[in-house]
>>> print(open('run_7.cif').read())   # mmCIF, C-alpha atoms
data_input
#
loop_
_atom_site.label_atom_id
_atom_site.label_comp_id
_atom_site.auth_asym_id
_atom_site.auth_seq_id
_atom_site.Cartn_x
_atom_site.Cartn_y
_atom_site.Cartn_z
CA MET A 67 -1.54 -47.47 8.00
CA LYS A 68 -5.27 -47.32 7.40
CA ASN A 69 -5.79 -45.49 10.69
CA ASP A 70 -3.18 -42.90 9.69
CA LYS A 71 -5.02 -42.21 6.44
CA THR A 72 -8.33 -41.93 8.30
CA GLU A 73 -6.85 -39.51 10.82
CA LYS A 74 -5.31 -37.47 8.02
CA THR A 75 -8.67 -37.26 6.21
CA ASN A 76 -10.50 -36.31 9.41
CA ALA A 77 -7.93 -33.61 10.20
CA GLY A 78 -8.34 -32.13 6.75
CA GLN A 79 -12.14 -32.14 7.03
CA VAL A 80 -12.04 -30.48 10.44
CA LEU A 81 -9.68 -27.78 9.18
CA VAL A 82 -11.87 -27.05 6.14
CA LYS A 83 -15.00 -26.89 8.32
CA GLU A 84 -13.40 -24.49 10.77
CA ILE A 85 -12.21 -22.12 8.04
CA LYS A 86 -15.57 -22.24 6.28
CA LYS A 87 -17.28 -21.52 9.60
CA GLU A 88 -15.14 -18.40 10.03
CA LEU A 89 -16.02 -17.29 6.49
CA SER A 90 -19.76 -17.91 6.86
CA PRO A 91 -22.12 -14.91 6.31
CA LYS A 92 -23.27 -14.75 9.94
CA ALA A 93 -19.74 -14.71 11.29
CA GLY A 94 -18.69 -12.44 8.45
CA LYS A 95 -21.08 -9.58 9.28
CA ARG A 96 -19.77 -9.25 12.81
CA SER A 97 -16.11 -9.65 11.85
CA VAL A 98 -16.40 -7.15 8.98
CA TRP A 99 -18.00 -4.58 11.27
CA ARG A 100 -15.34 -5.04 13.94
CA SER A 101 -12.49 -5.10 11.42
CA PHE A 102 -13.55 -1.70 10.03
CA LEU A 103 -14.56 -0.13 13.35
CA ILE A 104 -11.12 -0.36 14.98
CA PRO A 105 -9.23 1.16 11.99
CA PHE A 106 -11.83 3.94 11.68
CA LEU A 107 -11.52 4.86 15.35
CA ALA A 108 -7.74 4.56 15.08
CA ILE A 109 -7.73 7.12 12.26
CA ILE A 110 -9.91 9.54 14.23
CA THR A 111 -7.74 9.13 17.30
CA GLY A 112 -4.59 9.57 15.22
CA LEU A 113 -5.93 12.87 13.87
CA ILE A 114 -6.70 14.01 17.42
CA PHE A 115 -3.18 13.19 18.56
CA GLY A 116 -1.84 14.86 15.43
CA ALA A 117 -3.68 18.03 16.42
CA PHE A 118 -2.15 17.79 19.88
CA PHE A 119 1.38 17.53 18.44
CA ASN A 120 0.48 20.35 16.08
CA VAL A 121 -0.14 22.61 19.04
CA ILE A 122 2.71 21.63 21.37
CA THR A 123 5.33 21.96 18.60
CA ASN A 124 4.22 25.48 17.64
CA VAL A 125 6.30 28.16 19.40
CA GLU A 126 3.70 30.83 18.65
CA VAL A 127 1.17 28.95 20.77
CA TYR A 128 3.39 29.34 23.86
CA THR A 129 3.84 33.03 23.05
CA ALA A 130 0.06 33.47 22.90
CA PHE A 131 -0.36 31.67 26.23
CA GLY A 132 2.22 34.02 27.69
CA ARG A 133 0.00 36.97 26.85
CA SER A 134 -3.29 35.42 27.93
CA PHE A 135 -4.65 31.99 28.71
CA PHE A 136 -7.75 32.49 26.58
CA GLU A 137 -5.69 33.96 23.74
CA GLY A 138 -3.50 30.87 23.90
CA LEU A 139 -6.52 28.58 23.68
CA SER A 140 -7.89 30.57 20.76
CA PHE A 141 -4.55 30.51 18.94
CA ALA A 142 -4.15 26.75 19.54
CA TRP A 143 -7.62 26.05 18.17
CA ASN A 144 -6.98 28.28 15.16
CA THR A 145 -3.70 26.44 14.50
CA VAL A 146 -5.50 23.10 14.39
CA VAL A 147 -8.28 24.42 12.17
CA VAL A 148 -5.91 26.09 9.70
CA SER A 149 -3.60 23.08 9.50
CA TYR A 150 -6.35 20.52 8.90
CA THR A 151 -8.19 22.85 6.54
CA SER A 152 -4.99 23.22 4.53
CA LEU A 153 -4.50 19.46 4.64
CA PHE A 154 -8.00 18.94 3.26
CA LYS A 155 -7.59 21.56 0.53
CA GLY A 156 -4.23 20.12 -0.47
CA ALA A 157 -5.62 16.58 -0.63
CA ILE A 158 -9.12 17.14 -2.06
CA GLY A 159 -9.33 20.77 -3.17
CA ASP A 160 -10.94 23.99 -2.06
CA PRO A 161 -14.73 23.43 -1.88
CA LYS A 162 -15.43 27.07 -2.79
CA LEU A 163 -13.21 26.95 -5.87
CA ILE A 164 -14.75 23.61 -6.91
CA ALA A 165 -18.28 24.97 -6.53
CA THR A 166 -17.39 28.13 -8.47
CA ALA A 167 -15.75 26.10 -11.25
CA ILE A 168 -18.72 23.75 -11.56
CA SER A 169 -21.20 26.63 -11.67
CA SER A 170 -19.15 28.35 -14.39
CA GLY A 171 -19.24 25.28 -16.60
CA ASP A 172 -15.65 25.90 -17.69
CA LYS A 173 -14.07 22.46 -18.22
CA ALA A 174 -10.49 23.72 -17.78
CA LEU A 175 -11.41 25.52 -14.56
CA ILE A 176 -13.18 22.43 -13.20
CA ILE A 177 -10.14 20.25 -13.89
CA LYS A 178 -7.85 22.80 -12.25
CA SER A 179 -10.02 23.01 -9.12
CA LEU A 180 -10.03 19.22 -8.80
CA GLU A 181 -6.30 18.85 -9.44
CA PRO A 182 -5.44 18.24 -5.73
CA PHE A 183 -7.91 15.34 -5.67
CA PHE A 184 -6.52 13.86 -8.88
CA GLU A 185 -2.98 14.20 -7.53
CA SER A 186 -4.03 12.34 -4.39
CA LEU A 187 -5.25 9.50 -6.60
CA VAL A 188 -1.89 9.51 -8.38
CA ALA A 189 -0.16 9.18 -4.99
CA THR A 190 -2.60 6.44 -3.96
CA THR A 191 -1.94 4.16 -6.95
CA PRO A 192 1.50 2.73 -5.99
CA TYR A 193 0.27 2.31 -2.42
CA ILE A 194 -2.55 0.08 -3.68
CA PHE A 195 -0.18 -2.24 -5.53
CA GLY A 196 2.31 -2.31 -2.66
CA GLY A 197 -0.34 -2.86 -0.01
CA LEU A 198 -1.86 -5.72 -1.99
CA ALA A 199 1.59 -7.28 -2.29
CA VAL A 200 2.17 -7.28 1.47
CA ALA A 201 -1.40 -8.35 2.29
CA LEU A 202 -1.25 -11.35 -0.04
CA GLY A 203 1.96 -12.47 1.63
CA PHE A 204 0.45 -12.04 5.08
CA LYS A 205 -2.51 -14.20 4.09
CA ALA A 206 -0.11 -17.02 3.29
CA GLY A 207 1.82 -16.51 6.53
CA VAL A 208 4.90 -14.88 4.97
CA PHE A 209 6.21 -11.42 5.83
CA ASN A 210 7.38 -9.77 2.61
CA ILE A 211 9.67 -6.94 3.74
CA GLY A 212 11.17 -6.85 0.24
CA VAL A 213 8.38 -4.93 -1.49
CA GLU A 214 10.58 -1.84 -1.85
CA GLY A 215 13.30 -3.79 -3.65
CA GLN A 216 10.71 -5.56 -5.81
CA ILE A 217 9.33 -2.16 -6.79
CA PHE A 218 12.80 -1.10 -7.95
CA ILE A 219 13.36 -4.29 -9.96
CA GLY A 220 9.90 -4.04 -11.50
CA ALA A 221 10.55 -0.42 -12.46
CA SER A 222 13.91 -1.30 -13.99
CA ALA A 223 12.43 -4.10 -16.12
CA SER A 224 9.49 -1.94 -17.14
CA VAL A 225 11.56 1.09 -18.14
CA PHE A 226 13.88 -1.11 -20.21
CA VAL A 227 10.97 -2.49 -22.21
CA GLY A 228 9.54 1.01 -22.41
CA TYR A 229 12.53 2.65 -24.07
CA TYR A 230 14.34 -0.26 -25.79
CA PHE A 231 11.51 -1.61 -27.93
CA THR A 232 10.41 0.79 -30.63
CA GLY A 233 7.71 0.74 -33.26
CA LEU A 234 5.18 -1.13 -31.12
CA PRO A 235 1.56 0.05 -30.95
CA ALA A 236 0.41 1.26 -27.56
CA TYR A 237 -2.02 -1.64 -27.05
CA ILE A 238 0.97 -4.01 -27.20
CA HIS A 239 3.73 -1.86 -25.72
CA ILE A 240 1.89 -0.86 -22.53
CA PRO A 241 0.87 -4.41 -21.50
CA PHE A 242 4.33 -5.65 -22.49
CA ALA A 243 6.02 -3.09 -20.22
CA PHE A 244 3.56 -3.80 -17.40
CA LEU A 245 4.15 -7.53 -17.64
CA ALA A 246 7.91 -6.94 -17.64
CA GLY A 247 7.54 -5.03 -14.37
CA ALA A 248 5.43 -7.82 -12.88
CA ALA A 249 7.96 -10.43 -14.05
CA GLY A 250 10.87 -8.52 -12.49
CA GLY A 251 9.09 -8.17 -9.16
CA ALA A 252 7.96 -11.81 -9.30
CA LEU A 253 11.55 -12.97 -9.78
CA TRP A 254 12.68 -10.88 -6.79
CA GLY A 255 9.90 -12.40 -4.69
CA PHE A 256 10.45 -15.94 -5.93
CA ILE A 257 14.05 -16.09 -4.67
CA PRO A 258 13.33 -15.56 -0.93
CA GLY A 259 10.16 -17.65 -1.29
CA TRP A 260 12.17 -20.57 -2.69
CA LEU A 261 14.82 -20.15 0.01
CA LYS A 262 12.17 -20.28 2.74
CA ALA A 263 10.36 -23.26 1.24
CA LYS A 264 13.44 -25.34 0.43
CA THR A 265 16.02 -24.33 3.03
CA GLY A 266 13.98 -22.77 5.83
CA GLY A 267 15.69 -19.39 5.38
CA HIS A 268 13.60 -16.71 7.05
CA GLU A 269 11.88 -14.50 4.49
CA VAL A 270 12.31 -11.35 6.59
CA ILE A 271 16.10 -11.58 6.56
CA ASN A 272 16.25 -12.67 2.93
CA THR A 273 13.91 -9.96 1.65
CA ILE A 274 15.79 -7.25 3.57
CA MET A 275 19.02 -8.41 1.93
CA MET A 276 17.30 -8.55 -1.45
CA ASN A 277 16.26 -4.93 -0.97
CA TYR A 278 19.87 -3.79 -0.73
CA ILE A 279 20.82 -5.87 -3.75
CA ALA A 280 17.98 -4.26 -5.71
CA PHE A 281 19.02 -0.75 -4.68
CA ARG A 282 22.66 -1.27 -5.65
CA LEU A 283 21.73 -3.07 -8.87
CA ASN A 284 19.48 -0.16 -9.79
CA ASP A 285 22.32 2.30 -9.09
CA TRP A 286 24.72 0.31 -11.28
CA LEU A 287 22.25 0.09 -14.15
CA LEU A 288 21.55 3.82 -14.12
CA ARG A 289 25.25 4.67 -13.99
CA GLY A 290 26.14 2.08 -16.62
CA PRO A 291 24.19 0.22 -19.30
CA MET A 292 20.87 2.05 -18.76
CA ARG A 293 22.20 5.60 -18.37
CA ARG A 294 20.71 8.15 -20.75
CA GLU A 295 23.03 9.25 -23.54
CA GLY A 296 24.44 12.76 -23.30
CA THR A 297 24.21 13.06 -19.53
CA PHE A 298 26.30 12.10 -16.53
CA GLN A 299 23.23 11.94 -14.29
CA PRO A 300 22.04 8.48 -13.14
CA VAL A 301 18.82 8.51 -15.13
CA SER A 302 17.46 6.17 -17.77
CA PRO A 303 16.30 7.16 -21.27
CA GLU A 304 12.70 8.27 -21.50
CA ILE A 305 10.27 5.56 -22.45
CA GLN A 306 8.61 5.57 -25.86
CA VAL A 307 5.35 7.47 -26.14
CA SER A 308 3.68 4.19 -27.06
CA ALA A 309 4.59 2.82 -23.60
CA GLU A 310 3.18 5.76 -21.62
CA LEU A 311 -0.01 5.17 -19.68
CA PRO A 312 -2.71 7.50 -21.05
CA ARG A 313 -3.47 10.59 -18.99
CA PHE A 314 -6.99 11.91 -18.73
CA PHE A 315 -6.20 15.61 -18.76
CA PRO A 316 -3.55 17.86 -20.31
CA ASP A 317 -0.43 18.96 -18.41
CA PRO A 318 0.26 19.67 -15.62
CA SER A 319 -2.25 17.00 -14.53
CA ARG A 320 -0.63 13.60 -13.98
CA PHE A 321 -3.81 11.61 -13.37
CA HIS A 322 -3.55 8.49 -15.52
CA VAL A 323 -5.27 5.19 -16.22
CA GLY A 324 -2.96 3.35 -13.80
CA PHE A 325 -5.28 4.25 -10.91
CA PHE A 326 -8.13 2.27 -12.45
CA ILE A 327 -5.79 -0.61 -13.25
CA ALA A 328 -4.94 -0.69 -9.54
CA ILE A 329 -8.65 -0.71 -8.66
CA VAL A 330 -9.13 -3.70 -10.98
CA PHE A 331 -6.31 -5.52 -9.22
CA ILE A 332 -8.01 -4.98 -5.87
CA PHE A 333 -10.91 -7.10 -7.10
CA ILE A 334 -8.61 -9.59 -8.85
CA VAL A 335 -6.70 -10.22 -5.62
CA TYR A 336 -9.94 -10.40 -3.64
CA ILE A 337 -11.41 -12.97 -6.03
CA PHE A 338 -8.16 -14.93 -6.06
CA LEU A 339 -7.93 -15.10 -2.27
CA PHE A 340 -11.57 -15.74 -1.42
CA LYS A 341 -13.14 -17.32 -4.51
CA THR A 342 -10.51 -19.71 -5.87
CA THR A 343 -9.00 -22.98 -4.69
CA TRP A 344 -5.47 -21.56 -4.92
CA GLY A 345 -6.39 -18.65 -2.69
CA PHE A 346 -8.14 -20.97 -0.25
CA ASN A 347 -5.02 -23.12 -0.03
CA LEU A 348 -2.84 -20.03 0.55
CA ARG A 349 -5.04 -18.93 3.44
CA MET A 350 -5.05 -22.42 4.92
CA VAL A 351 -1.25 -22.45 4.83
CA GLY A 352 -1.24 -19.03 6.47
CA SER A 353 -3.68 -20.08 9.17
CA ASN A 354 -1.85 -23.24 10.20
CA PRO A 355 0.95 -24.70 8.04
CA SER A 356 1.12 -27.94 10.05
CA ALA A 357 -2.59 -28.65 9.74
CA ALA A 358 -2.56 -27.68 6.06
CA LYS A 359 0.29 -30.09 5.41
CA TYR A 360 -1.53 -32.82 7.30
CA ALA A 361 -4.59 -32.13 5.13
CA GLY A 362 -2.54 -32.79 1.98
CA ILE A 363 -1.72 -29.25 0.87
CA ASN A 364 1.75 -28.66 -0.56
CA VAL A 365 2.99 -26.00 1.88
CA PRO A 366 6.37 -25.22 0.21
CA ARG A 367 4.72 -24.73 -3.17
CA ASN A 368 2.16 -22.34 -1.72
CA ILE A 369 4.86 -20.34 0.08
CA ILE A 370 6.76 -19.94 -3.20
CA LEU A 371 3.53 -19.03 -5.00
CA ALA A 372 2.61 -16.42 -2.40
CA MET A 373 6.01 -14.73 -2.48
CA THR A 374 6.10 -14.79 -6.28
CA LEU A 375 2.64 -13.24 -6.62
CA SER A 376 3.45 -10.73 -3.91
CA GLY A 377 6.59 -9.72 -5.79
CA ALA A 378 4.62 -9.43 -9.04
CA LEU A 379 2.17 -6.99 -7.44
CA ALA A 380 5.07 -4.96 -6.07
CA GLY A 381 6.67 -4.93 -9.52
CA LEU A 382 3.44 -3.48 -10.92
CA ALA A 383 3.80 -0.57 -8.48
CA GLY A 384 7.21 0.20 -9.97
CA ALA A 385 5.91 -0.19 -13.52
CA ASN A 386 3.03 2.16 -12.73
CA GLU A 387 5.38 4.91 -11.56
CA VAL A 388 7.62 4.57 -14.63
CA LEU A 389 4.89 4.28 -17.25
CA GLY A 390 2.34 6.64 -15.75
CA VAL A 391 4.20 9.33 -13.81
CA ASN A 392 7.96 9.69 -14.35
CA HIS A 393 8.36 8.19 -17.86
CA ALA A 394 11.96 7.39 -16.86
CA LEU A 395 13.86 5.78 -14.01
CA PHE A 396 16.23 7.56 -11.65
CA VAL A 397 17.99 6.80 -8.40
CA ALA A 398 15.73 6.61 -5.34
CA PHE A 399 12.58 7.20 -7.41
CA SER A 400 10.44 5.52 -4.75
CA SER A 401 9.58 7.53 -1.65
CA GLY A 402 9.35 4.44 0.52
CA TYR A 403 6.21 2.94 -1.01
CA GLY A 404 7.33 -0.59 -0.13
CA PHE A 405 7.88 0.10 3.55
CA ASP A 406 4.66 2.12 3.86
CA SER A 407 2.84 -0.80 2.25
CA ILE A 408 3.45 -2.90 5.35
CA ALA A 409 1.48 -0.32 7.32
CA LEU A 410 -1.24 -0.27 4.66
CA ALA A 411 -1.72 -4.03 4.84
CA LEU A 412 -2.07 -3.87 8.63
CA LEU A 413 -4.43 -0.90 8.45
CA GLY A 414 -6.55 -2.67 5.83
CA ASN A 415 -6.61 -5.88 7.93
CA ASN A 416 -5.04 -7.74 4.98
CA ASN A 417 -8.30 -7.42 3.08
CA PRO A 418 -7.82 -6.16 -0.51
CA ILE A 419 -10.71 -3.71 -0.22
CA GLY A 420 -9.45 -2.49 3.15
CA VAL A 421 -5.99 -2.09 1.66
CA GLY A 422 -7.46 0.07 -1.11
CA LEU A 423 -9.13 2.35 1.43
CA ALA A 424 -5.95 2.53 3.52
CA ALA A 425 -3.96 3.41 0.40
CA LEU A 426 -6.40 6.22 -0.34
CA LEU A 427 -5.91 7.53 3.20
CA PHE A 428 -2.12 7.52 2.92
CA GLY A 429 -2.20 9.02 -0.56
CA THR A 430 -4.42 11.93 0.47
CA LEU A 431 -2.47 12.57 3.68
CA ASN A 432 0.88 12.67 1.90
CA ASN A 433 -0.43 14.83 -0.93
CA GLY A 434 -2.12 17.30 1.42
CA ALA A 435 0.96 17.59 3.65
CA THR A 436 2.70 19.98 1.26
CA ARG A 437 -0.20 22.43 1.24
CA MET A 438 -0.41 22.19 5.03
CA GLN A 439 3.26 23.07 5.34
CA MET A 440 2.93 26.12 3.08
CA ASP A 441 -0.32 27.55 4.43
CA ALA A 442 -0.12 26.68 8.12
CA ARG A 443 3.70 26.47 8.41
CA ILE A 444 3.27 23.02 9.92
CA PRO A 445 6.12 20.57 9.26
CA VAL A 446 5.21 17.65 7.02
CA GLU A 447 6.59 15.34 9.70
CA ILE A 448 3.28 15.84 11.52
CA ILE A 449 1.72 13.62 8.84
CA SER A 450 4.23 10.91 9.68
CA ILE A 451 3.29 11.26 13.35
CA ILE A 452 -0.40 10.87 12.49
CA GLN A 453 0.33 7.76 10.43
CA ALA A 454 2.48 6.34 13.21
CA MET A 455 -0.21 6.95 15.81
CA VAL A 456 -2.84 5.30 13.62
CA LEU A 457 -0.63 2.24 13.18
CA MET A 458 0.11 2.10 16.90
CA PHE A 459 -3.61 1.98 17.66
CA ILE A 460 -4.13 -0.66 14.96
CA ALA A 461 -1.34 -2.81 16.42
CA ALA A 462 -2.69 -2.37 19.95
CA PRO A 463 -6.49 -2.37 19.55
CA ALA A 464 -6.93 -2.76 23.30
CA ILE A 465 -6.07 0.96 23.58
CA ILE A 466 -8.93 1.87 21.23
CA ARG A 467 -11.32 -0.46 23.04
CA THR A 468 -10.37 1.14 26.35
CA ILE A 469 -10.71 4.73 25.09
CA TYR A 470 -14.08 4.18 23.42
CA ARG A 471 -15.42 1.58 25.90
CA LEU A 472 -15.78 -1.14 23.29
CA LYS A 473 -16.43 -4.74 24.26
CA ASP A 474 -13.40 -6.97 24.03
CA SER A 475 -13.46 -9.52 21.23
CA LYS A 476 -13.34 -13.18 22.18
CA GLU A 477 -11.38 -13.95 19.05
CA LYS A 478 -7.66 -13.30 18.73
CA ASP A 479 -6.85 -10.01 17.09
CA GLN A 480 -6.69 -10.65 13.35
CA THR A 481 -4.22 -7.87 12.61
CA MET A 482 -1.50 -9.14 14.91
CA ALA A 483 -2.12 -12.74 13.90
CA ALA A 484 -1.63 -11.80 10.25
CA THR A 485 1.98 -10.89 10.81
CA THR A 486 2.78 -14.28 12.29
CA ARG A 487 0.28 -16.77 10.86
CA GLY A 488 -1.22 -15.09 7.80
CA GLY A 489 -4.48 -13.89 9.35
CA LYS A 490 -7.90 -15.55 9.36
#
>>> encode(input="run_7.cif", output="structure tokens")
Amino acid sequence: MKNDKTEKTNAGQVLVKEIKKELSPKAGKRSVWRSFLIPFLAIITGLIFGAFFNVITNVEVYTAFGRSFFEGLSFAWNTVVVSYTSLFKGAIGDPKLIATAISSGDKALIIKSLEPFFESLVATTPYIFGGLAVALGFKAGVFNIGVEGQIFIGASASVFVGYYFTGLPAYIHIPFAFLAGAAGGALWGFIPGWLKAKTGGHEVINTIMMNYIAFRLNDWLLRGPMRREGTFQPVSPEIQVSAELPRFFPDPSRFHVGFFIAIVFIFIVYIFLFKTTWGFNLRMVGSNPSAAKYAGINVPRNIILAMTLSGALAGLAGANEVLGVNHALFVAFSSGYGFDSIALALLGNNNPIGVGLAALLFGTLNNGATRMQMDARIPVEIISIIQAMVLMFIAAPAIIRTIYRLKDSKEKDQTMAATTRGGK
């Protein structure tokens, strides 16, 4: 019996030493550099492949090649330049207009010239919350596919608090509605987390099923008890003005304080994961559940905690959209934020700061796609192709290493390990 206790203690000490060794500053510098290099090169390569698909899907390019080879090359190059220029202007703004507005000193003109950039930040905000939700789950070794459903439940809870409670001051109503969204998402994450911890039910299957329940529940609510009076459309009442997240500029700008709340949560999640005992335990469970259990960590409790916190973050994404952008809830209000968040977590290497940067990339790409379609007559599906190519290169880093002649890492790829064991 005494030997068993000694072995258990030794196993726990070894596990702690190994994890601390991986998180040491010397090892950290190299791993941070490598973890950001592969995604950066994947993005560049994705844009190159996007340009290629841009050209081969344009009928006018073939017509130009039919007239002359050099004319075809010139037209193909012009197509790429126009499309990516339009993408940039749609996502960030026209540099000439921005410079002119700044030189004029006209505040309204400056805001108008920067509106594409502000709109990109609006699109980025729900991606940040969703990406953090998936990344936190990955760190604990659980694959939360249910972020989309948790977003819907969080939005439903948040909009109810937003329109049902009246007479509250904004400094109470806004946090109340935000917490309601977090609580709704947490509940939707707790259920599959409890099922996995207590019954062994796989979280992927359970969260997928919970998604469909959330979608149908949302439909029923908007067609029944939460439908707006005087309309047959499946839409909720508008939230009270006291529950609306403040916007920085007058209409039509939608840029609101929710973006900075999301930035704060990036650092909160980072501190939680890497600076607290709870976060350390979650990562130990994600690295090796058997060794963590042998070291005395309550694995089932940490699985439930991870899924609950992941769901809460997803619920905040839904609350953000209701309180800051739409001010009401309607059917299919989410454009797939939850499913895209899985890609964001992988692209950000399950690091909260990396997830924030990946969310900014997706937000700017999606916002600039509309301008690209109008100016260059390029289908917005090209953006989806670029995102897919980037993710493919992230999932198979050996391709990037081969293309750019990078040295192979001796360590196992952290991105792929995150989906199965919670990452390093």
>>> resolve_selection(input="run_7.cif", expression="the PyMOL selection byres ((chain A and resi 241) around 12)", output="PyMOL selection string")
chain A and resi 224+227-228+234-240+242-249+308-311+324+327+382+385-386+389
>>> atom_distance(input="run_7.cif", atom1="CA of Gly429 (chain A)", atom2="CA of Leu379 (chain A)")
18.0 Å
>>> closest_residue(input="run_7.cif", among="A:Phe459, A:Trp286, A:Phe209, A:Phe204", to="Pro258 (chain A)", atoms="all atoms listed in the file")
A:Phe209
>>> atom_distance(input="run_7.cif", atom1="CA of Thr145 (chain A)", atom2="CA of Gly112 (chain A)")
16.9 Å
>>> closest_residue(input="run_7.cif", among="A:Asn277, A:Asn124, A:Asn415, A:Asn368", to="Gly345 (chain A)", atoms="all atoms listed in the file")
A:Asn368
>>> atom_distance(input="run_7.cif", atom1="CA of Arg313 (chain A)", atom2="CA of Gly390 (chain A)")
7.7 Å
>>> closest_residue(input="run_7.cif", among="A:Asn417, A:Thr265, A:Thr374, A:Ser319", to="Ile177 (chain A)", atoms="all atoms listed in the file")
A:Ser319
>>> closest_atom_pairs(input="run_7.cif", of="region 136-253 of chain A", to="region 423-426 of chain A", cutoff="6 Å", atoms="all atoms listed in the file", output="JSON lines")
{"residue": "A:Thr190", "atom": "CA", "partner": "A:Leu426", "partner_atom": "CA", "distance": 5.3}
{"residue": "A:Tyr193", "atom": "CA", "partner": "A:Ala425", "partner_atom": "CA", "distance": 5.2}
{"residue": "A:Ile194", "atom": "CA", "partner": "A:Ala425", "partner_atom": "CA", "distance": 5.5}
>>> write_last_selection(input="run_7.cif", atoms="C-alpha atoms", output="mmCIF file, in the coordinates of the input")
data_model
loop_
_atom_site.group_PDB
_atom_site.id
_atom_site.type_symbol
_atom_site.label_atom_id
_atom_site.label_comp_id
_atom_site.auth_asym_id
_atom_site.auth_seq_id
_atom_site.Cartn_x
_atom_site.Cartn_y
_atom_site.Cartn_z
ATOM 1 C CA THR A 190 -2.600 6.440 -3.960
ATOM 2 C CA TYR A 193 0.270 2.310 -2.420
ATOM 3 C CA ILE A 194 -2.550 0.080 -3.680
#
>>> resolve_selection(input="run_7.cif", expression="the PyMOL selection byres ((chain A and resi 291) around 12)", output="NGL selection string")
:A and (222 or 226 or 230 or 283-290 or 292-295 or 300-303)
>>> write_last_selection(input="run_7.cif", atoms="C-alpha atoms", output="mmCIF file, keeping the file's coordinate frame")
data_model
loop_
_atom_site.group_PDB
_atom_site.id
_atom_site.type_symbol
_atom_site.label_atom_id
_atom_site.label_comp_id
_atom_site.auth_asym_id
_atom_site.auth_seq_id
_atom_site.Cartn_x
_atom_site.Cartn_y
_atom_site.Cartn_z
ATOM 1 C CA SER A 222 13.910 -1.300 -13.990
ATOM 2 C CA PHE A 226 13.880 -1.110 -20.210
ATOM 3 C CA TYR A 230 14.340 -0.260 -25.790
ATOM 4 C CA LEU A 283 21.730 -3.070 -8.870
ATOM 5 C CA ASN A 284 19.480 -0.160 -9.790
ATOM 6 C CA ASP A 285 22.320 2.300 -9.090
ATOM 7 C CA TRP A 286 24.720 0.310 -11.280
ATOM 8 C CA LEU A 287 22.250 0.090 -14.150
ATOM 9 C CA LEU A 288 21.550 3.820 -14.120
ATOM 10 C CA ARG A 289 25.250 4.670 -13.990
ATOM 11 C CA GLY A 290 26.140 2.080 -16.620
ATOM 12 C CA MET A 292 20.870 2.050 -18.760
ATOM 13 C CA ARG A 293 22.200 5.600 -18.370
ATOM 14 C CA ARG A 294 20.710 8.150 -20.750
ATOM 15 C CA GLU A 295 23.030 9.250 -23.540
ATOM 16 C CA PRO A 300 22.040 8.480 -13.140
ATOM 17 C CA VAL A 301 18.820 8.510 -15.130
ATOM 18 C CA SER A 302 17.460 6.170 -17.770
ATOM 19 C CA PRO A 303 16.300 7.160 -21.270
#
>>> residues_near_point(input="run_7.cif", point="(14.8, -20.0, -0.4)", cutoff="12 Å", atoms="all atoms listed in the file", output="VMD selection string")
chain A and resid 254 to 273 276 366 to 367 369 to 370 373 to 374
>>> write_last_selection(input="run_7.cif", atoms="C-alpha atoms", output="short mmCIF file (atom, residue, chain, number, x, y, z; two decimals), in the frame of the given file")
data_model
loop_
_atom_site.label_atom_id
_atom_site.label_comp_id
_atom_site.auth_asym_id
_atom_site.auth_seq_id
_atom_site.Cartn_x
_atom_site.Cartn_y
_atom_site.Cartn_z
CA TRP A 254 12.68 -10.88 -6.79
CA GLY A 255 9.90 -12.40 -4.69
CA PHE A 256 10.45 -15.94 -5.93
CA ILE A 257 14.05 -16.09 -4.67
CA PRO A 258 13.33 -15.56 -0.93
CA GLY A 259 10.16 -17.65 -1.29
CA TRP A 260 12.17 -20.57 -2.69
CA LEU A 261 14.82 -20.15 0.01
CA LYS A 262 12.17 -20.28 2.74
CA ALA A 263 10.36 -23.26 1.24
CA LYS A 264 13.44 -25.34 0.43
CA THR A 265 16.02 -24.33 3.03
CA GLY A 266 13.98 -22.77 5.83
CA GLY A 267 15.69 -19.39 5.38
CA HIS A 268 13.60 -16.71 7.05
CA GLU A 269 11.88 -14.50 4.49
CA VAL A 270 12.31 -11.35 6.59
CA ILE A 271 16.10 -11.58 6.56
CA ASN A 272 16.25 -12.67 2.93
CA THR A 273 13.91 -9.96 1.65
CA MET A 276 17.30 -8.55 -1.45
CA PRO A 366 6.37 -25.22 0.21
CA ARG A 367 4.72 -24.73 -3.17
CA ILE A 369 4.86 -20.34 0.08
CA ILE A 370 6.76 -19.94 -3.20
CA MET A 373 6.01 -14.73 -2.48
CA THR A 374 6.10 -14.79 -6.28
#
>>> closest_residue(input="run_7.cif", among="A:Lys473, A:Lys178, A:Arg443, A:Lys205", to="Arg349 (chain A)", atoms="all atoms listed in the file")
A:Lys205
>>> closest_residue(input="run_7.cif", among="A:Lys341, A:Lys155, A:Arg471, A:His393", to="Ile305 (chain A)", atoms="only C-alpha atoms")
A:His393
>>> resolve_selection(input="run_7.cif", expression="the PyMOL selection byres ((chain A and resi 114) around 12)", output="NGL selection string")
:A and (107-113 or 115-121 or 146-147 or 150 or 448 or 451-453 or 455-456)
>>> residues_near_point(input="run_7.cif", point="(-9.2, -2.9, -11.4)", cutoff="12 Å", atoms="all atoms listed in the file", output="ChimeraX atom specification")
/A:191,194-195,323-337,418-419,422
>>> closest_residue(input="run_7.cif", among="A:Gly250, A:Pro318, A:Gly362, A:Gly381", to="Glu214 (chain A)", atoms="only C-alpha atoms")
A:Gly381
